[in-house]
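**Q** Pasting in a structure now, in structure tokens, and then I'll have a few things to ask.
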Amino acid sequence: MSAVSAGFWSLWWGDLLTSRFSVTPGEGYLEALQEENVEIVRTSIKEITSNSVVTSEGKAYPVDVIIAATGYDTSYTPAFKMTGRHGVDLGARWAKTGAEAYFTCAVPDMPNYFSKFPSITRDTSMLN
Amino acid sequence: MGSLSATPTTLPLVTPTPLNTPRPIRIIVIGAGISGIAFAYKALSLTNVTFVIYEKNADVGGTWFESRYPGCSCDIPAHSYSYPWVSNPEWSHVYVGAEEICEFYKARAREYNVYVNAKFNHRVVSCEWDAEVGRWKVKALDEKTGVVVEDEAEVVLNCAGVLNRWKWPEIQGLHSFEGTLAHTGNYPQDLDLTGKSVAVIGAGSSAIQVVPTIQPVVKSLTNFARSATWIAPQFVGRLAPDGRRTAYSEEQKRKFREDAEYLKQYRREVDHELNSRFPNFYKGSPRQKASRELVEKSMRENLAGMDPVLRESLIPDFDVGCRR
């Protein structure tokens, strides 16, 4: 990991730094997976019934609550109809080409339209 | 129609406005999240610009107004998650929760006149370029009255963000489930998980915040994690020796409050620490290899108590930084 000016850090973190320098703490996710009331299942889900999640191996897990932490539509196409010069439909174009933009903010045929995150990359890893 | 015999209008030889006077520009901004609020700040220094912000929600904040699942917080330090031009000496922790982030940006919105210029509960439904007049014709649905309002402007800024169109997983029978079905992107605030058996589907950024947060209160938790995810040691570990729990002391906050230059320098160091990770994202680079080794080692250490086969299956086979 990169060097940080020691003088500055020593103002606040001094002794904490020296003791914890090489051990950077995690989120607590991996630790939680090993708690007694937690199980991680790697098999894909085949179906969900009225009271259970059933894996492709046929094992049923009865639960009270299902929380889907399955994310968002990150296609970057505007949620509204966007019609630019010569009747170009941005949603239709990006459905074919993927989200393409000049310097990630300006788009051909969309004059004076500037966008946050149309993104020329399809990768969300740098988003937040 | 005027008659031909009327005195013809003559164009003035000299316009009444001085040279280089900016012509009036109207701007329509879509979304009053962090980007929309930032524009309101920038607009304070623009001449001859008027603007309106259409916001589909009832208040400002965008992602941080909507995302309220258990454990939702920023995963880069809060001091880096602030505009470059305004520091917040009051951040309670190195990593702060959604509510605290939203409150901070709400205060900025008040300061930058967002509440004067925003129309809430207005969802933009279409933008159409009118080449004749050189303006965008914008339609927005007033969610409260059902009326579609029409507006126009020279410029449209789309500040709508991407973390708001949450979607259900495509799983057979999902909606036949008779218990409580929730999505992290639209989390019910009154859902009490105490003593419940809970399934969490997913292993992305939301899931890895939800799982450790609800684990202490639920009866049992099953995490369905089809794909492996790199669980990196927390960014800026040395800044946050106690991870997510690292709080700023009163003394630290007082120093931040009293010494603006000191706070600015502190923020520079935080940014530097984050930016210096960038080489890890170069595919096949020595830095990426090194960071992969580091993260693998950290994961194995953190999973020491787990069945070795399961543990190894949780280590991804793709490179660090490819996705999250």
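A note on labels: chains of the structure tokens are A, B, ... as shown, every chain counts residues from 1, and ligands are counted from 1 in their shown order.
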From a DSSP pass on the backbone, collect the residues of region 11-105 of chain B flagged as helix (DSSP H, G or I) and hand them back as JSON, numbers by chain.
**A** {"B": [34, 35, 36, 37, 38, 39, 40, 41, 42, 43, 63, 64, 65, 66, 98, 99, 100, 101, 102, 103, 104, 105]}
**Q** Show which residues sit within 7 Å of Tyr72 (chain A), as JSON, numbers by chain. Count only C-alpha atoms, and ignore same-chain residues fewer than 5 positions away.
**A** {"B": [163, 164, 165, 166, 167]}
**Q** Could you list, as a VMD selection string, every residue within 9 Å of Tyr105 (chain B), counting only C-alpha atoms and ignoring same-chain residues fewer than 6 positions away?
**A** chain B and resid 33 to 34 37 60 to 61 82
**Q** Would you mind exporting the chosen residues as a short mmCIF file (atom, residue, chain, number, x, y, z; two decimals), in the first residue's frame, restricted to C-alpha atoms?
**A**
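Wrote out.cif, looks like this:
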```cif
data_model
loop_
_atom_site.label_atom_id
_atom_site.label_comp_id
_atom_site.auth_asym_id
_atom_site.auth_seq_id
_atom_site.Cartn_x
_atom_site.Cartn_y
_atom_site.Cartn_z
CA GLY B 33 -29.47 14.06 -5.64
CA ILE B 34 -25.82 14.86 -5.01
CA ILE B 37 -27.47 19.82 -5.65
CA VAL B 60 -33.66 15.86 -2.12
CA GLY B 61 -30.93 13.24 -1.67
CA SER B 82 -18.26 15.38 0.20
#
```
**Q** Based on DSSP run over this structure's backbone, return all residues of region 37-243 of chain B in strand (DSSP E), as a short mmCIF file (atom, residue, chain, number, x, y, z; two decimals) with N, CA and C atoms, in the first residue's frame.
**A**
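What ended up in part_27.cif:
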```cif
data_model
loop_
_atom_site.label_atom_id
_atom_site.label_comp_id
_atom_site.auth_asym_id
_atom_site.auth_seq_id
_atom_site.Cartn_x
_atom_site.Cartn_y
_atom_site.Cartn_z
N VAL B 49 -28.61 32.82 -15.97
CA VAL B 49 -29.08 31.44 -16.05
C VAL B 49 -30.22 31.24 -15.07
N THR B 50 -31.31 30.70 -15.55
CA THR B 50 -32.36 30.27 -14.64
C THR B 50 -32.49 28.76 -14.78
N PHE B 51 -32.92 28.11 -13.73
CA PHE B 51 -33.04 26.66 -13.83
C PHE B 51 -34.16 26.14 -12.95
N VAL B 52 -34.58 24.92 -13.28
CA VAL B 52 -35.56 24.21 -12.47
C VAL B 52 -35.04 22.78 -12.32
N ILE B 53 -35.26 22.20 -11.15
CA ILE B 53 -34.87 20.80 -10.95
C ILE B 53 -36.15 19.98 -10.80
N TYR B 54 -36.32 19.00 -11.66
CA TYR B 54 -37.45 18.07 -11.51
C TYR B 54 -36.97 16.85 -10.74
N ALA B 118 -36.60 23.63 -7.04
CA ALA B 118 -36.96 22.24 -7.35
C ALA B 118 -38.47 22.05 -7.37
N LYS B 119 -38.90 21.14 -8.25
CA LYS B 119 -40.28 20.68 -8.23
C LYS B 119 -40.23 19.22 -7.82
N HIS B 122 -42.12 15.21 -9.15
CA HIS B 122 -42.26 15.40 -10.60
C HIS B 122 -41.29 14.47 -11.31
N ARG B 123 -41.86 13.53 -12.03
CA ARG B 123 -41.05 12.52 -12.72
C ARG B 123 -40.98 12.89 -14.20
N VAL B 124 -39.78 13.14 -14.71
CA VAL B 124 -39.63 13.47 -16.13
C VAL B 124 -40.01 12.26 -16.97
N VAL B 125 -40.89 12.47 -17.93
CA VAL B 125 -41.33 11.35 -18.77
C VAL B 125 -40.78 11.43 -20.20
N SER B 126 -40.46 12.65 -20.64
CA SER B 126 -39.86 12.72 -21.98
C SER B 126 -39.09 14.03 -22.18
N CYS B 127 -38.09 13.95 -23.06
CA CYS B 127 -37.35 15.14 -23.49
C CYS B 127 -37.27 15.06 -25.01
N GLU B 128 -37.69 16.11 -25.67
CA GLU B 128 -37.64 16.09 -27.13
C GLU B 128 -36.98 17.38 -27.63
N TRP B 129 -35.99 17.20 -28.49
CA TRP B 129 -35.26 18.35 -29.03
C TRP B 129 -36.08 19.03 -30.11
N ASP B 130 -36.28 20.32 -29.98
CA ASP B 130 -36.98 21.09 -31.01
C ASP B 130 -35.95 21.93 -31.75
N ARG B 135 -34.42 24.28 -28.54
CA ARG B 135 -34.69 24.03 -27.12
C ARG B 135 -35.18 22.61 -26.91
N TRP B 136 -34.98 22.12 -25.72
CA TRP B 136 -35.55 20.83 -25.32
C TRP B 136 -36.96 21.06 -24.79
N LYS B 137 -37.89 20.25 -25.28
CA LYS B 137 -39.25 20.27 -24.75
C LYS B 137 -39.34 19.10 -23.76
N VAL B 138 -39.61 19.44 -22.53
CA VAL B 138 -39.58 18.42 -21.48
C VAL B 138 -40.96 18.26 -20.87
N LYS B 139 -41.35 17.00 -20.67
CA LYS B 139 -42.62 16.73 -20.00
C LYS B 139 -42.33 16.01 -18.69
N ALA B 140 -43.02 16.45 -17.64
CA ALA B 140 -42.85 15.82 -16.34
C ALA B 140 -44.22 15.52 -15.74
N LEU B 141 -44.32 14.34 -15.15
CA LEU B 141 -45.58 13.93 -14.53
C LEU B 141 -45.58 14.36 -13.07
N ASP B 142 -46.58 15.16 -12.71
CA ASP B 142 -46.77 15.52 -11.31
C ASP B 142 -47.42 14.31 -10.63
N VAL B 148 -49.53 16.15 -16.41
CA VAL B 148 -48.22 16.24 -17.07
C VAL B 148 -47.92 17.70 -17.36
N VAL B 149 -46.84 18.21 -16.78
CA VAL B 149 -46.48 19.61 -17.02
C VAL B 149 -45.47 19.68 -18.17
N GLU B 150 -45.57 20.74 -18.95
CA GLU B 150 -44.64 20.91 -20.07
C GLU B 150 -43.72 22.08 -19.79
N ASP B 151 -42.48 21.90 -20.16
CA ASP B 151 -41.49 22.93 -19.89
C ASP B 151 -40.49 22.93 -21.03
N GLU B 152 -39.69 23.96 -21.14
CA GLU B 152 -38.64 23.92 -22.16
C GLU B 152 -37.41 24.70 -21.71
N ALA B 153 -36.27 24.31 -22.28
CA ALA B 153 -35.02 24.94 -21.88
C ALA B 153 -33.96 24.71 -22.95
N VAL B 155 -30.89 23.91 -22.26
CA VAL B 155 -29.98 22.86 -21.81
C VAL B 155 -30.71 21.90 -20.87
N VAL B 156 -30.41 20.60 -21.02
CA VAL B 156 -30.91 19.60 -20.07
C VAL B 156 -29.73 18.91 -19.41
N LEU B 157 -29.75 18.88 -18.10
CA LEU B 157 -28.73 18.14 -17.35
C LEU B 157 -29.39 16.93 -16.73
N ASN B 158 -28.92 15.75 -17.10
CA ASN B 158 -29.48 14.54 -16.51
C ASN B 158 -28.63 14.14 -15.31
N THR B 180 -42.59 -12.27 4.12
CA THR B 180 -42.28 -10.89 3.72
C THR B 180 -41.19 -10.89 2.66
N LEU B 181 -41.47 -10.23 1.54
CA LEU B 181 -40.50 -10.12 0.46
C LEU B 181 -40.05 -8.66 0.35
N ALA B 182 -38.75 -8.45 0.49
CA ALA B 182 -38.25 -7.07 0.46
C ALA B 182 -37.08 -6.96 -0.51
N HIS B 183 -36.83 -5.76 -1.01
CA HIS B 183 -35.67 -5.50 -1.85
C HIS B 183 -34.86 -4.38 -1.19
N SER B 197 -36.46 -15.95 10.63
CA SER B 197 -35.56 -16.68 9.73
C SER B 197 -35.52 -15.90 8.42
N VAL B 198 -34.33 -15.51 8.01
CA VAL B 198 -34.20 -14.58 6.89
C VAL B 198 -33.29 -15.15 5.81
N ALA B 199 -33.72 -14.99 4.56
CA ALA B 199 -32.85 -15.32 3.42
C ALA B 199 -32.39 -14.01 2.79
N VAL B 200 -31.09 -13.88 2.57
CA VAL B 200 -30.58 -12.72 1.83
C VAL B 200 -30.05 -13.25 0.50
N ILE B 201 -30.61 -12.76 -0.59
CA ILE B 201 -30.17 -13.22 -1.91
C ILE B 201 -29.21 -12.20 -2.49
N SER B 220 -32.16 -16.90 12.27
CA SER B 220 -31.22 -17.56 11.37
C SER B 220 -31.15 -16.77 10.07
N LEU B 221 -30.00 -16.88 9.43
CA LEU B 221 -29.78 -16.12 8.20
C LEU B 221 -29.14 -17.03 7.16
N THR B 222 -29.77 -17.12 6.02
CA THR B 222 -29.17 -17.88 4.93
C THR B 222 -28.84 -16.91 3.80
N ASN B 223 -27.58 -16.86 3.45
CA ASN B 223 -27.15 -15.96 2.38
C ASN B 223 -26.94 -16.78 1.11
N PHE B 224 -27.82 -16.54 0.13
CA PHE B 224 -27.68 -17.23 -1.15
C PHE B 224 -26.74 -16.40 -2.02
#
```
**Q** Calculated over only C-alpha atoms, which of the candidates B:Lys144, B:Cys102, B:Glu55, B:Glu293 has the smallest distance to Tyr115 (chain B)?
**A**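 Among B:Lys144, B:Cys102, B:Glu55, B:Glu293, it is B:Glu55 that comes nearest to Tyr115 (chain B).
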**Q** Can you measure CA of Ile27 (chain B) to CA of Tyr81 (chain B) for me? One decimal in Å is fine.
**A**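 The value is 26.1 Å.
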**Q** Hey, which of B:Gly146, B:Pro216, B:Pro24, B:Pro18 ends up closest to chain A? Count only C-alpha atoms.
**A** B:Pro216
**Q** Determine, counting only C-alpha atoms, which protein, DNA and RNA residues have an atom within 7 Å of an atom of region 194-196 of chain B; residues of the same chain fewer than 3 positions away are not included. Present the result as a list in words.
**A**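 Selected residues are Asp64 of chain A; Val217, Val218, Lys219 and Ser220 of chain B.
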**Q** Residues as selected, C-alpha atoms, written as an mmCIF file, in the first residue's frame, can you do that?
**A**
```cif
data_model
loop_
_atom_site.group_PDB
_atom_site.id
_atom_site.type_symbol
_atom_site.label_atom_id
_atom_site.label_comp_id
_atom_site.auth_asym_id
_atom_site.auth_seq_id
_atom_site.Cartn_x
_atom_site.Cartn_y
_atom_site.Cartn_z
ATOM 1 C CA ASP A 64 -40.062 -15.851 7.218
ATOM 2 C CA VAL B 217 -30.916 -9.837 15.666
ATOM 3 C CA VAL B 218 -32.232 -12.587 13.384
ATOM 4 C CA LYS B 219 -32.904 -16.163 14.440
ATOM 5 C CA SER B 220 -31.221 -17.560 11.369
#
```
**Q** Quick one: everything within 9 Å of Tyr69 (chain B), counting only C-alpha atoms, minus sequence neighbours fewer than 3 positions away in the same chain. Send it as a PyMOL selection string.
**A** chain B and resi 72+98+183-189+206+209-210
**Q** Please determine, counting only C-alpha atoms, which residue among A:Thr43, A:Asn112, A:Ser56, A:Thr49 has the shortest atom-to-atom distance to Gly84 (chain A).
**A**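 Once distances to Gly84 (chain A) are computed over only C-alpha atoms, the minimum belongs to A:Asn112.
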**Q** Could you tell me how far CA of Thr74 (chain A) sits from CA of Ala101 (chain A), in Å to one decimal place?
**A** 15.4 Å
**Q** So, counting only C-alpha atoms, which residue among B:Arg226, B:Arg108, B:His272, B:Lys297 is closest to chain A?
**A**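 The shortest atom-to-atom distance to chain A comes from B:Arg226.
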**Q** Ranking A:Thr55, A:Thr97, A:Ser75, A:Thr83 by minimum distance to chain B and counting only C-alpha atoms, which one comes first?
**A** A:Thr83
**Q** At a cut-off of 8 Å, using only C-alpha atoms, what residues contact Pro62 (chain A)? Leave out same-chain residues fewer than 3 positions from it and give the result as a PDB file with C-alpha atoms, in the first residue's frame.
**A**
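Final file, result_13.pdb:
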```pdb
ATOM      1  CA  ASN A  51     -42.586 -20.565   2.455  1.00  0.00           C
ATOM      2  CA  SER A  52     -39.135 -21.629   1.213  1.00  0.00           C
ATOM      3  CA  VAL A  53     -36.182 -20.947  -0.995  1.00  0.00           C
TER       4      VAL A  53
ATOM      5  CA  SER B 197     -35.565 -16.679   9.726  1.00  0.00           C
TER       6      SER B 197
END
```
**Q** For Asp319 (chain B), find every residue with an atom within 10 Å (counting only C-alpha atoms), except residues of its own chain fewer than 4 positions away, and show them as a PyMOL selection string.
**A** chain B and resi 230+280-281+283-284+288-289+291-292+323
**Q** Which residue out of A:Pro78, A:Gly91, A:Gly98, A:Gly58 has the minimum interatomic distance to chain B when only C-alpha atoms are used?
**A**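 Result for the nearest residue to chain B: A:Pro78.
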